[in-house]
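Novice: So here's my_file_25.cif, just mmCIF, C-alpha atoms:
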data_structure
loop_
_atom_site.label_atom_id
_atom_site.label_comp_id
_atom_site.auth_asym_id
_atom_site.auth_seq_id
_atom_site.Cartn_x
_atom_site.Cartn_y
_atom_site.Cartn_z
CA MET A 3 -25.33 -31.23 -38.55
CA ASN A 4 -24.37 -34.87 -38.66
CA PRO A 5 -21.93 -36.30 -36.14
CA GLU A 6 -19.61 -36.72 -39.14
CA GLU A 7 -19.62 -32.98 -39.74
CA VAL A 8 -18.87 -32.23 -36.11
CA GLU A 9 -16.02 -34.69 -36.35
CA PHE A 10 -14.77 -32.89 -39.45
CA ILE A 11 -14.65 -29.60 -37.52
CA ALA A 12 -12.92 -31.23 -34.57
CA GLU A 13 -10.26 -32.73 -36.83
CA ASN A 14 -8.70 -29.29 -37.22
CA LYS A 15 -7.46 -29.34 -33.63
CA ASN A 16 -3.75 -29.82 -33.19
CA VAL A 17 -2.04 -32.79 -31.62
CA SER A 18 1.63 -33.62 -31.06
CA ILE A 19 3.19 -36.43 -33.03
CA VAL A 20 6.68 -37.89 -33.23
CA PRO A 21 7.36 -38.58 -36.91
CA ASN A 22 9.81 -41.23 -38.06
CA PHE A 23 10.70 -39.49 -41.33
CA ASN A 24 12.22 -36.22 -42.49
CA PHE A 25 10.21 -33.79 -44.56
CA ASP A 26 10.11 -30.06 -45.31
CA ARG A 27 7.50 -27.64 -44.09
CA ILE A 28 4.07 -28.16 -45.72
CA TYR A 29 2.18 -25.00 -46.65
CA LEU A 30 -1.59 -25.35 -46.17
CA ILE A 31 -4.42 -22.81 -46.34
CA SER A 32 -5.09 -23.18 -42.62
CA GLY A 33 -1.45 -22.71 -41.71
CA ASP A 34 1.98 -24.24 -42.14
CA VAL A 35 2.82 -27.66 -40.77
CA GLY A 36 6.25 -29.01 -40.02
CA PRO A 37 9.11 -29.25 -40.75
CA PHE A 38 9.22 -32.92 -39.82
CA ARG A 39 12.38 -34.24 -38.21
CA ALA A 40 12.50 -37.91 -37.26
CA GLY A 41 12.23 -38.30 -33.49
CA LEU A 42 11.31 -34.66 -32.74
CA PRO A 43 7.74 -33.90 -31.68
CA VAL A 44 5.72 -31.59 -33.95
CA GLN A 45 2.19 -30.16 -33.87
CA VAL A 46 -0.13 -31.26 -36.68
CA PRO A 47 -3.89 -31.26 -37.18
CA ILE A 48 -5.66 -34.46 -36.10
CA TRP A 49 -6.69 -35.38 -39.62
CA MET A 50 -3.03 -35.44 -40.64
CA ALA A 51 -1.98 -37.27 -37.49
CA THR A 52 -4.49 -40.08 -38.02
CA ASN A 53 -3.48 -40.41 -41.66
CA LEU A 54 0.24 -40.57 -40.84
CA ARG A 55 -0.41 -43.00 -38.00
CA GLN A 56 -2.40 -45.32 -40.24
CA ARG A 57 0.57 -45.45 -42.57
CA GLN A 58 2.94 -46.14 -39.64
CA LYS A 59 4.79 -42.86 -40.23
CA CYS A 60 4.53 -41.48 -36.72
CA ARG A 61 3.69 -42.03 -33.09
CA ILE A 62 0.89 -39.94 -31.56
CA MET A 63 1.55 -38.23 -28.21
CA ALA A 64 -1.53 -38.16 -25.99
CA PRO A 65 -2.80 -34.61 -25.32
CA ASP A 66 -2.16 -33.31 -21.78
CA TRP A 67 -5.69 -33.90 -20.60
CA MET A 68 -5.83 -37.48 -21.86
CA ASP A 69 -4.55 -38.85 -18.59
CA THR A 70 -6.39 -41.05 -16.10
CA GLU A 71 -5.70 -38.85 -13.07
CA LYS A 72 -6.82 -35.61 -14.73
CA LEU A 73 -9.90 -37.25 -16.19
CA GLU A 74 -10.86 -38.77 -12.84
CA GLN A 75 -10.72 -35.27 -11.41
CA VAL A 76 -12.91 -33.92 -14.21
CA LYS A 77 -15.36 -36.75 -13.63
CA GLU A 78 -15.46 -36.04 -9.90
CA GLU A 79 -16.16 -32.36 -10.54
CA GLU A 80 -18.84 -33.18 -13.06
CA SER A 81 -20.65 -35.50 -10.66
CA GLN A 82 -20.48 -32.94 -7.82
CA SER A 83 -21.80 -30.01 -9.80
CA ARG A 84 -25.41 -29.45 -10.73
CA PHE A 85 -24.32 -27.60 -13.86
CA PHE A 86 -22.06 -28.53 -16.69
CA THR A 87 -18.39 -28.14 -15.87
CA LYS A 88 -15.68 -27.05 -18.23
CA MET A 89 -14.28 -29.88 -20.29
CA PRO A 90 -10.53 -30.05 -20.93
CA SER A 91 -11.15 -29.80 -24.64
CA GLU A 92 -13.92 -28.30 -26.76
CA HIS A 93 -14.21 -31.57 -28.68
CA TYR A 94 -13.14 -34.03 -25.99
CA MET A 95 -15.33 -36.87 -27.18
CA VAL A 96 -14.39 -36.57 -30.85
CA GLU A 97 -10.68 -36.24 -30.15
CA ALA A 98 -10.69 -39.22 -27.85
CA HIS A 99 -12.72 -41.20 -30.33
CA LEU A 100 -10.33 -40.46 -33.19
CA LEU A 101 -7.06 -40.83 -31.32
CA LEU A 102 -8.05 -43.91 -29.35
CA GLY A 103 -9.52 -45.43 -32.45
CA VAL A 104 -6.39 -45.16 -34.52
CA ALA A 105 -3.57 -45.18 -31.97
CA ALA A 106 -4.71 -46.96 -28.83
CA GLU A 107 -1.19 -48.40 -28.35
CA ASP A 108 0.45 -44.95 -28.25
CA ILE A 109 -1.70 -43.68 -25.40
CA PRO A 110 -1.03 -45.03 -21.92
CA HIS A 111 -4.04 -46.62 -20.13
CA ALA A 112 -6.16 -46.31 -23.26
CA ASP A 113 -8.89 -48.60 -21.99
CA GLU A 114 -9.23 -46.82 -18.66
CA ILE A 115 -9.40 -43.45 -20.41
CA ARG A 116 -12.10 -44.79 -22.67
CA THR A 117 -14.18 -45.95 -19.70
CA ILE A 118 -13.82 -42.69 -17.79
CA LEU A 119 -14.71 -40.64 -20.86
CA LYS A 120 -17.77 -42.78 -21.45
CA ASP A 121 -18.82 -42.20 -17.84
CA ILE A 122 -18.39 -38.44 -18.19
CA TRP A 123 -20.29 -38.47 -21.47
CA ASP A 124 -23.18 -40.47 -20.00
CA MET A 125 -23.36 -38.22 -16.97
CA ARG A 126 -23.47 -35.10 -19.12
CA MET A 127 -26.06 -36.56 -21.46
CA SER A 128 -28.41 -37.39 -18.60
CA LYS A 129 -27.88 -33.89 -17.18
CA LEU A 130 -28.67 -32.49 -20.59
CA ARG A 131 -31.87 -34.51 -20.85
CA SER A 132 -33.15 -33.48 -17.44
CA SER A 133 -32.30 -29.82 -18.00
CA VAL A 134 -34.05 -29.85 -21.38
CA ASP A 135 -37.10 -31.31 -19.69
CA ALA A 136 -37.01 -28.71 -16.89
CA PHE A 137 -36.55 -25.97 -19.48
CA ILE A 138 -39.68 -26.99 -21.39
CA LYS A 139 -41.75 -27.59 -18.27
CA THR A 140 -41.01 -24.26 -16.62
CA GLY A 141 -41.39 -22.44 -19.89
CA GLY A 142 -38.09 -20.59 -19.58
CA SER A 143 -37.28 -18.15 -22.32
CA TYR A 144 -33.53 -18.65 -22.54
CA ALA A 145 -30.97 -21.28 -21.61
CA LYS A 146 -27.29 -20.94 -20.85
CA LEU A 147 -25.19 -23.43 -22.74
CA ASP A 148 -21.90 -22.83 -20.95
CA HIS A 149 -19.31 -25.55 -21.32
CA LEU A 150 -21.45 -27.73 -23.57
CA THR A 151 -19.43 -29.17 -26.42
CA THR A 152 -20.53 -29.09 -30.05
CA MET A 153 -21.27 -32.79 -30.17
CA GLU A 154 -23.50 -32.55 -27.11
CA ILE A 155 -25.42 -29.56 -28.42
CA ASN A 156 -25.77 -31.35 -31.71
CA SER A 157 -27.32 -34.37 -30.03
CA ILE A 158 -30.49 -32.49 -29.04
CA ARG A 159 -30.86 -30.70 -32.33
CA PRO A 160 -33.21 -30.46 -34.14
CA LEU A 161 -35.56 -31.95 -31.52
CA LEU A 162 -35.36 -29.16 -28.94
CA PRO A 163 -35.46 -26.10 -31.24
CA HIS A 164 -38.37 -27.56 -33.16
CA ALA A 165 -40.26 -28.44 -30.00
CA LEU A 166 -39.75 -24.86 -28.82
CA ASP A 167 -41.04 -23.56 -32.15
CA GLU A 168 -44.18 -25.64 -31.82
CA LEU A 169 -44.64 -24.54 -28.23
CA TYR A 170 -44.28 -20.93 -29.30
CA LYS A 171 -46.92 -21.41 -31.97
CA LEU A 172 -49.35 -22.89 -29.44
CA GLN A 173 -48.67 -20.14 -26.91
CA LYS A 174 -48.96 -17.36 -29.47
CA VAL A 175 -52.58 -18.28 -30.20
CA VAL A 176 -53.52 -18.10 -26.53
CA ARG A 177 -51.75 -14.77 -26.12
CA ILE A 178 -53.40 -13.21 -29.16
CA PHE A 179 -56.79 -14.30 -27.93
CA MET A 180 -56.16 -13.00 -24.42
CA SER A 181 -55.24 -9.54 -25.70
CA PHE A 182 -58.31 -9.65 -27.93
CA LEU A 183 -60.53 -10.36 -24.91
CA LYS A 184 -58.83 -7.62 -22.92
CA ASN A 185 -59.52 -5.12 -25.69
CA ILE A 186 -63.17 -6.07 -25.77
CA THR A 187 -63.64 -5.70 -22.01
CA LEU A 188 -61.79 -2.36 -22.10
CA GLN A 189 -64.07 -1.11 -24.85
CA ASN A 190 -67.11 -2.25 -22.90
CA GLU A 191 -65.93 -0.42 -19.79
CA GLN A 192 -65.33 2.77 -21.74
CA TYR A 193 -68.72 2.43 -23.32
CA GLN A 194 -70.41 1.97 -19.95
CA ARG A 195 -68.57 4.96 -18.55
CA LYS A 196 -69.91 7.10 -21.37
CA VAL A 197 -73.45 5.89 -20.84
CA PHE A 198 -73.57 6.54 -17.12
CA MET B 76 -44.62 -33.55 -41.78
CA LYS B 77 -42.09 -30.81 -41.32
CA CYS B 78 -41.60 -29.21 -37.96
CA GLY B 79 -40.45 -25.85 -36.86
CA SER B 80 -42.02 -23.64 -39.45
CA LEU B 81 -45.37 -22.10 -40.09
CA PRO B 82 -47.58 -24.24 -42.31
CA HIS B 83 -47.41 -22.99 -45.88
CA TYR B 84 -50.39 -22.54 -48.16
CA PHE B 85 -50.19 -25.98 -49.75
CA SER B 86 -49.21 -27.88 -46.60
CA ILE B 87 -51.30 -31.04 -46.86
CA GLU B 88 -51.31 -31.58 -43.08
CA ASP B 89 -52.67 -28.09 -42.60
CA ILE B 90 -55.42 -28.74 -45.15
CA PHE B 91 -56.31 -32.01 -43.44
CA ALA B 92 -56.44 -30.31 -40.06
CA THR B 93 -58.88 -27.68 -41.32
CA GLN B 94 -61.03 -30.43 -42.87
CA GLU B 95 -62.07 -31.80 -39.49
CA ARG B 96 -65.77 -31.46 -38.86
CA LEU B 97 -67.53 -29.41 -36.20
CA PRO B 98 -71.15 -29.62 -35.11
CA CYS B 99 -72.76 -26.29 -36.03
CA LYS B 100 -76.20 -25.03 -35.18
CA PHE B 101 -77.89 -22.62 -37.58
CA VAL B 102 -79.28 -19.46 -35.96
CA VAL B 103 -80.81 -17.98 -39.13
CA PRO B 104 -82.84 -19.75 -41.78
CA VAL B 105 -80.85 -20.42 -44.96
CA HIS B 106 -82.71 -20.81 -48.21
CA ARG B 107 -82.06 -23.53 -50.76
CA LEU B 108 -79.26 -25.20 -48.84
CA GLY B 109 -81.38 -28.01 -47.40
CA PHE B 110 -79.17 -30.57 -49.12
CA LEU B 111 -76.43 -29.87 -46.58
CA ASP B 112 -78.49 -31.77 -44.01
CA PRO B 113 -79.02 -35.26 -45.45
CA SER B 114 -81.69 -36.18 -42.89
CA SER B 115 -84.12 -33.41 -43.86
CA GLU B 116 -86.17 -33.28 -47.02
CA SER B 117 -87.06 -29.61 -47.11
CA GLU B 118 -85.40 -27.24 -49.51
CA ASP B 119 -84.29 -24.75 -46.85
CA ILE B 120 -82.35 -25.07 -43.62
CA ALA B 121 -84.51 -24.14 -40.65
CA VAL B 122 -83.31 -22.34 -37.54
CA GLY B 123 -81.93 -24.79 -34.99
CA THR B 124 -80.74 -27.45 -37.44
CA THR B 125 -77.45 -29.01 -36.40
CA VAL B 126 -75.11 -29.94 -39.22
CA GLU B 127 -71.48 -31.03 -39.14
CA LEU B 128 -69.43 -28.60 -41.19
CA PRO B 129 -65.70 -28.59 -41.89
CA TYR B 130 -63.71 -26.08 -39.86
CA TRP B 131 -62.88 -23.77 -42.78
CA LEU B 132 -66.59 -23.28 -43.51
CA ALA B 133 -67.67 -23.02 -39.88
CA LYS B 134 -65.01 -20.41 -39.18
CA SER B 135 -66.33 -17.99 -41.78
CA LEU B 136 -69.96 -18.59 -40.82
CA CYS B 137 -69.63 -17.91 -37.12
CA CYS B 138 -67.63 -14.67 -36.95
CA GLN B 139 -69.11 -11.64 -35.24
CA ARG B 140 -70.09 -9.80 -38.39
CA ARG B 141 -71.85 -12.70 -40.03
CA ASN B 142 -73.42 -14.73 -37.29
CA ILE B 143 -75.08 -17.55 -39.21
CA VAL B 144 -74.14 -20.55 -37.09
CA THR B 145 -73.01 -21.21 -33.53
CA VAL B 146 -70.19 -23.66 -33.18
CA GLU B 147 -70.07 -26.41 -30.65
CA MET B 148 -66.69 -27.82 -29.67
CA PRO B 149 -66.00 -31.44 -30.56
CA LYS B 150 -66.14 -33.63 -27.52
CA ILE B 151 -62.40 -34.22 -27.28
CA TYR B 152 -61.89 -30.52 -26.55
CA LYS B 153 -64.73 -30.28 -24.04
CA GLU B 154 -64.51 -29.98 -20.29
CA PRO B 155 -64.45 -33.73 -19.33
CA TYR B 156 -61.69 -34.52 -21.83
CA ARG B 157 -59.76 -31.41 -20.80
CA GLU B 158 -59.91 -32.68 -17.23
CA ILE B 159 -58.43 -35.99 -18.35
CA LEU B 160 -55.56 -34.17 -20.04
CA LYS B 161 -54.98 -32.01 -16.99
CA ALA B 162 -54.93 -35.07 -14.70
CA ASP B 163 -52.19 -36.90 -16.58
CA ALA B 164 -51.47 -36.09 -20.19
CA CYS B 165 -48.80 -38.76 -20.55
CA VAL B 166 -51.07 -41.80 -20.41
CA VAL B 167 -53.54 -40.51 -22.98
CA ASP B 168 -53.64 -42.03 -26.45
CA LEU B 169 -53.60 -38.77 -28.42
CA HIS B 170 -53.87 -40.60 -31.71
CA LYS B 171 -57.37 -41.68 -30.73
CA PHE B 172 -58.23 -38.07 -29.87
CA GLY B 173 -57.51 -37.03 -33.39
CA LEU B 174 -54.72 -37.22 -35.91
CA PHE B 175 -54.11 -33.47 -35.72
CA PHE B 176 -54.86 -32.86 -32.07
CA TYR B 177 -52.61 -29.82 -31.70
CA GLU B 178 -53.22 -28.21 -35.08
CA PHE B 179 -56.96 -28.57 -34.92
CA GLY B 180 -56.93 -27.40 -31.31
CA THR B 181 -55.01 -24.27 -32.29
CA TYR B 182 -57.55 -23.54 -34.98
CA LEU B 183 -60.40 -24.08 -32.55
CA SER B 184 -58.93 -21.68 -30.05
CA GLN B 185 -58.93 -19.03 -32.78
CA LEU B 186 -62.72 -19.22 -32.93
CA GLU B 187 -64.51 -16.69 -30.78
CA HIS B 188 -65.91 -19.25 -28.42
CA ARG B 189 -66.12 -19.15 -24.65
CA ASP B 190 -63.87 -22.23 -24.33
CA SER B 191 -61.17 -20.87 -26.62
CA VAL B 192 -58.74 -19.74 -23.93
CA ALA B 193 -59.18 -22.93 -21.94
CA ILE B 194 -58.47 -25.07 -25.01
CA GLY B 195 -55.40 -23.03 -25.87
CA SER B 196 -53.90 -23.37 -22.43
CA VAL B 197 -54.69 -27.09 -22.25
CA LEU B 198 -52.82 -27.59 -25.52
CA VAL B 199 -49.73 -25.82 -24.18
CA GLN B 200 -49.87 -27.75 -20.91
CA THR B 201 -50.35 -31.10 -22.67
CA PHE B 202 -47.47 -30.46 -25.02
CA LYS B 203 -45.13 -29.53 -22.17
CA GLU B 204 -45.99 -32.59 -20.15
CA ARG B 205 -45.78 -35.06 -22.97
CA PHE B 206 -42.53 -33.70 -24.37
CA ARG B 207 -40.37 -35.53 -21.84
CA GLN B 208 -41.96 -38.81 -22.86
CA VAL B 209 -41.52 -38.15 -26.57
CA MET B 210 -37.88 -37.19 -26.01
CA ASP B 211 -37.21 -40.30 -23.93
CA TRP B 212 -38.75 -42.56 -26.52
CA ALA B 213 -36.79 -40.87 -29.28
CA HIS B 214 -33.54 -41.28 -27.37
CA ASN B 215 -33.94 -44.96 -26.62
CA SER B 216 -33.21 -47.08 -29.64
CA GLY B 217 -35.10 -50.03 -28.14
CA THR B 218 -38.44 -48.24 -28.22
CA ASP B 219 -41.41 -50.40 -29.03
CA PRO B 220 -42.62 -49.25 -32.47
CA LEU B 221 -46.25 -49.70 -31.36
CA ILE B 222 -45.83 -46.93 -28.83
CA ILE B 223 -45.43 -44.34 -31.57
CA GLN B 224 -48.99 -44.98 -32.61
CA ARG B 225 -50.12 -43.20 -29.48
CA LEU B 226 -48.71 -39.86 -30.63
CA ASP B 227 -50.48 -37.29 -32.73
CA SER B 228 -48.90 -36.17 -35.99
CA LEU B 229 -46.96 -33.24 -34.52
CA GLU B 230 -45.42 -35.34 -31.78
CA LYS B 231 -44.73 -38.08 -34.26
CA ALA B 232 -42.76 -35.69 -36.44
CA LEU B 233 -40.72 -34.55 -33.45
CA PHE B 234 -40.16 -38.16 -32.46
CA GLN B 235 -38.90 -39.08 -35.93
CA GLU B 236 -36.41 -36.23 -35.92
CA GLY B 237 -35.12 -37.10 -32.49
CA TYR B 238 -34.91 -40.76 -33.36
CA GLN B 239 -32.88 -40.14 -36.50
CA THR B 240 -30.40 -37.86 -34.74
CA ARG B 241 -29.96 -40.41 -32.01
CA ALA B 242 -29.45 -43.23 -34.51
CA GLN B 243 -26.76 -41.19 -36.28
CA LEU B 244 -25.03 -40.39 -33.02
CA ASP B 245 -25.10 -44.02 -31.92
CA ALA B 246 -23.71 -45.13 -35.26
CA TRP B 247 -20.89 -42.61 -34.92
CA LEU B 248 -20.09 -43.66 -31.36
CA ASN B 249 -19.94 -47.30 -32.40
CA LYS B 250 -17.96 -47.22 -35.57
CA GLY B 251 -16.80 -43.70 -36.35
CA ALA B 252 -17.41 -41.46 -39.30
CA SER B 253 -18.54 -42.65 -42.66
CA GLN B 254 -17.91 -40.66 -45.80
CA ILE B 255 -19.27 -37.13 -45.69
CA THR B 256 -21.71 -36.78 -48.57
CA THR B 257 -22.15 -33.79 -50.82
CA ALA B 258 -25.06 -31.56 -49.94
CA GLU B 259 -28.09 -32.07 -52.18
CA MET B 260 -28.04 -28.44 -53.23
CA VAL B 261 -24.58 -28.82 -54.69
CA ILE B 262 -25.45 -32.02 -56.58
CA ASN B 263 -28.60 -30.53 -58.06
CA TYR B 264 -26.92 -27.29 -58.99
CA LYS B 265 -27.56 -26.85 -62.70
CA LYS B 266 -24.42 -25.01 -63.65
CA ARG B 267 -21.56 -26.86 -65.29
CA LYS B 268 -18.94 -27.73 -62.76
CA LEU B 269 -15.33 -26.59 -62.94
CA ALA B 270 -14.04 -30.16 -62.82
CA VAL B 271 -16.15 -31.08 -65.86
CA LEU B 272 -14.93 -28.04 -67.75
CA ASP B 273 -11.33 -29.09 -67.24
CA ASP B 274 -11.96 -32.38 -69.03
CA LEU B 275 -13.18 -30.69 -72.18
#
Take the structure I supplied and represent it as structure tokens, if you would.

Specialist:
Amino acid sequence: MNPEEVEFIAENKNVSIVPNFNFDRIYLISGDVGPFRAGLPVQVPIWMATNLRQRQKCRIMAPDWMDTEKLEQVKEEESQSRFFTKMPSEHYMVEAHLLLGVAAEDIPHADEIRTILKDIWDMRMSKLRSSVDAFIKTGGSYAKLDHLTTMEINSIRPLLPHALDELYKLQKVVRIFMSFLKNITLQNEQYQRKVF
Amino acid sequence: MKCGSLPHYFSIEDIFATQERLPCKFVVPVHRLGFLDPSSESEDIAVGTTVELPYWLAKSLCCQRRNIVTVEMPKIYKEPYREILKADACVVDLHKFGLFFYEFGTYLSQLEHRDSVAIGSVLVQTFKERFRQVMDWAHNSGTDPLIIQRLDSLEKALFQEGYQTRAQLDAWLNKGASQITTAEMVINYKKRKLAVLDDL
């Protein structure tokens, strides 16, 4: 997948907006949106929110987790833990990227939030790199991907799966040959037993 | 080169890898094939002649049923070179070892030779140790392009994939999404499209 495709998936998440116009309910395949009443908050998908915001039709309300205190806490937890911790949102990076990109004025402390998120992202990426390396080195057969977000998983594809494929191919040859040798020695032993 | 799948019949890399030459020693006299050894002038190949044969030929001449030649391993897969790889695989210039170090090595370890197991396990070990380096290079956009020349073709393919993904991710982080393009399959689909039909 491209990052663009991951972003497309993440755009279906809901966000609260305060519209400045009145409009009836909109019926979409993925669900109904609205009705819009000027000044009353309403939940809409992010793709609609960014579009409306670009046309100055609404004000975006920051999601609950997009708050300096909460994010500092998440960052603290992430730096303490050896494993990946649960992120406040499945697509935290994409959501932040979209919302801060289009409506930085609507979100309080936008710059601080951006810095903290970048820190968290960098920390998680370096964790990811070292765990991928450990995974290959120890020759583990499975990996738990708890709490990794789609964008993060996507960042090591297709490198990791393909490397594992190649490794499997190399190991398979050794294994086949080993079993072949074992068979031969077994046969020899049986043969010797018959002779003596 | 494509990664992550078994080489198909017409895979040119696979063909190249099986083209590599191996020193082979004849254990039976072969009549009328003297021309294979350019240094001799006799019509037949005598016992004990050493000729370099491509892998695909050597493989079928040295199996248990038809023992015509004995194969000697090329020097890059022999004990001293294996020791170098065991000592520190990361500093080795694999490209100098051979363009298809891993592929050719896998083929060699399929031969029934006493070194086969050792070669196979050295390949696995080398790959594991060098992977971190390849991944780091792929994930740093400021990598010196000359450094890639030290990878063999398999690692190079992995590097290219990693590098492209990372470039895309960096581009997204810097400026956001560009237009999502139609998948190639859909564009090349030969049926008439509904939108075109509507215009008629």

Novice: Please evaluate the PyMOL selection byres ((chain A) within 8 of (chain B)) against the displayed coordinates and give the resulting residues as number ranges by chain.

Specialist: A: 4-7, 9, 99-100, 135, 138-139, 157-161, 163-165, 167-169, 172-173, 175-176, 179-180

Novice: Taking (-11.8, -30.7, -23.9) in the file's own coordinates, collect the residues within 12 Å, counting all atoms listed in the file, and hand them back as a compact mmCIF listing (two decimals) with C-alpha atoms, keeping the file's coordinate frame.

Specialist:
# COMPACT_ATOMS: atom_id res chain seq x y z
CA ALA A 12 -12.92 -31.23 -34.57
CA LYS A 15 -7.46 -29.34 -33.63
CA PRO A 65 -2.80 -34.61 -25.32
CA ASP A 66 -2.16 -33.31 -21.78
CA TRP A 67 -5.69 -33.90 -20.60
CA MET A 68 -5.83 -37.48 -21.86
CA LYS A 72 -6.82 -35.61 -14.73
CA LEU A 73 -9.90 -37.25 -16.19
CA VAL A 76 -12.91 -33.92 -14.21
CA THR A 87 -18.39 -28.14 -15.87
CA LYS A 88 -15.68 -27.05 -18.23
CA MET A 89 -14.28 -29.88 -20.29
CA PRO A 90 -10.53 -30.05 -20.93
CA SER A 91 -11.15 -29.80 -24.64
CA GLU A 92 -13.92 -28.30 -26.76
CA HIS A 93 -14.21 -31.57 -28.68
CA TYR A 94 -13.14 -34.03 -25.99
CA MET A 95 -15.33 -36.87 -27.18
CA VAL A 96 -14.39 -36.57 -30.85
CA GLU A 97 -10.68 -36.24 -30.15
CA ALA A 98 -10.69 -39.22 -27.85
CA LEU A 119 -14.71 -40.64 -20.86
CA ILE A 122 -18.39 -38.44 -18.19
CA TRP A 123 -20.29 -38.47 -21.47
CA HIS A 149 -19.31 -25.55 -21.32
CA LEU A 150 -21.45 -27.73 -23.57
CA THR A 151 -19.43 -29.17 -26.42
CA THR A 152 -20.53 -29.09 -30.05
CA MET A 153 -21.27 -32.79 -30.17

Novice: Excluding Leu111 in chain B and its own-chain neighbours fewer than 2 positions away, which residues fall within 12 Å of it when counting all atoms listed in the file? Please give them as a list in words.

Specialist: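 Within the cut-off, the hits are Cys99, Phe101, Val105, His106, Arg107, Leu108, Gly109, Pro113, Ser114, Ser115, Glu116, Ser117, Glu118, Asp119, Ile120, Ala121, Thr124, Thr125, Val126, Glu127, Leu128 and Pro129 of chain B.
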
Novice: Mind giving me the straight-line distance from CA of Ser133 in chain A to CA of Glu74 in chain A in Å, one decimal?

Specialist: 23.8 Å

Novice: Set the distance at 12 Å and use only C-alpha atoms: which residues neighbour Pro98 in chain B once local chain neighbours fewer than 2 positions away are removed? I'd like the list as a list in words.

Specialist: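 So the residues in contact are Glu95, Arg96, Lys100, Phe101, Asp112, Gly123, Thr124, Thr125, Val126, Glu127, Leu128, Pro129, Tyr130, Leu132, Ala133, Lys134, Cys137, Val144, Thr145, Val146, Glu147, Met148, Pro149 and Lys150 of chain B.
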
Novice: Give me a file of those residues, with C-alpha atoms, as a PDB file, in the frame of the given file.

Specialist:
ATOM      1  CA  GLU B  95     -62.070 -31.800 -39.490  1.00  0.00           C
ATOM      2  CA  ARG B  96     -65.770 -31.460 -38.860  1.00  0.00           C
ATOM      3  CA  LYS B 100     -76.200 -25.030 -35.180  1.00  0.00           C
ATOM      4  CA  PHE B 101     -77.890 -22.620 -37.580  1.00  0.00           C
ATOM      5  CA  ASP B 112     -78.490 -31.770 -44.010  1.00  0.00           C
ATOM      6  CA  GLY B 123     -81.930 -24.790 -34.990  1.00  0.00           C
ATOM      7  CA  THR B 124     -80.740 -27.450 -37.440  1.00  0.00           C
ATOM      8  CA  THR B 125     -77.450 -29.010 -36.400  1.00  0.00           C
ATOM      9  CA  VAL B 126     -75.110 -29.940 -39.220  1.00  0.00           C
ATOM     10  CA  GLU B 127     -71.480 -31.030 -39.140  1.00  0.00           C
ATOM     11  CA  LEU B 128     -69.430 -28.600 -41.190  1.00  0.00           C
ATOM     12  CA  PRO B 129     -65.700 -28.590 -41.890  1.00  0.00           C
ATOM     13  CA  TYR B 130     -63.710 -26.080 -39.860  1.00  0.00           C
ATOM     14  CA  LEU B 132     -66.590 -23.280 -43.510  1.00  0.00           C
ATOM     15  CA  ALA B 133     -67.670 -23.020 -39.880  1.00  0.00           C
ATOM     16  CA  LYS B 134     -65.010 -20.410 -39.180  1.00  0.00           C
ATOM     17  CA  CYS B 137     -69.630 -17.910 -37.120  1.00  0.00           C
ATOM     18  CA  VAL B 144     -74.140 -20.550 -37.090  1.00  0.00           C
ATOM     19  CA  THR B 145     -73.010 -21.210 -33.530  1.00  0.00           C
ATOM     20  CA  VAL B 146     -70.190 -23.660 -33.180  1.00  0.00           C
ATOM     21  CA  GLU B 147     -70.070 -26.410 -30.650  1.00  0.00           C
ATOM     22  CA  MET B 148     -66.690 -27.820 -29.670  1.00  0.00           C
ATOM     23  CA  PRO B 149     -66.000 -31.440 -30.560  1.00  0.00           C
ATOM     24  CA  LYS B 150     -66.140 -33.630 -27.520  1.00  0.00           C
TER      25      LYS B 150
END

Novice: As an exercise, work out the distance from CA of Phe175 in chain B to CA of Trp131 in chain B in Å and give it to one decimal place.

Specialist: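 That distance, rounded to one decimal, is 14.9 Å.
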
Novice: Here's the selection I'm unsure about, the PyMOL selection byres ((chain A and resi 36-43) around 8); applied to the file above, which residues does it give, as a short mmCIF file (atom, residue, chain, number, x, y, z; two decimals) with C-alpha atoms, in the coordinates of the input?

Specialist:
data_model
loop_
_atom_site.label_atom_id
_atom_site.label_comp_id
_atom_site.auth_asym_id
_atom_site.auth_seq_id
_atom_site.Cartn_x
_atom_site.Cartn_y
_atom_site.Cartn_z
CA SER A 18 1.63 -33.62 -31.06
CA ILE A 19 3.19 -36.43 -33.03
CA VAL A 20 6.68 -37.89 -33.23
CA PRO A 21 7.36 -38.58 -36.91
CA ASN A 22 9.81 -41.23 -38.06
CA PHE A 23 10.70 -39.49 -41.33
CA ASN A 24 12.22 -36.22 -42.49
CA PHE A 25 10.21 -33.79 -44.56
CA ASP A 26 10.11 -30.06 -45.31
CA ARG A 27 7.50 -27.64 -44.09
CA ILE A 28 4.07 -28.16 -45.72
CA ASP A 34 1.98 -24.24 -42.14
CA VAL A 35 2.82 -27.66 -40.77
CA VAL A 44 5.72 -31.59 -33.95
CA GLN A 45 2.19 -30.16 -33.87
CA VAL A 46 -0.13 -31.26 -36.68
#

Novice: For each of B:Val122, B:Ile223, B:Leu183, B:His188, take the minimum atom-to-atom distance to Ala92 in chain B, counting all atoms listed in the file, then give the residue where this is smallest.

Specialist: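 Among B:Val122, B:Ile223, B:Leu183, B:His188, it is B:Leu183 that comes nearest to Ala92 in chain B.
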
Novice: As a check of understanding, name the residues that the PyMOL selection byres ((chain A and resi 130) around 10) selects in the supplied structure, as a list in words.

Specialist: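 Evaluating the PyMOL selection byres ((chain A and resi 130) around 10) on these coordinates yields Phe85, Phe86, Asp124, Met125, Arg126, Met127, Ser128, Lys129, Arg131, Ser132, Ser133, Val134, Asp135, Ala136, Leu147, Leu150, Glu154, Ile155, Ser157 and Ile158 of chain A.
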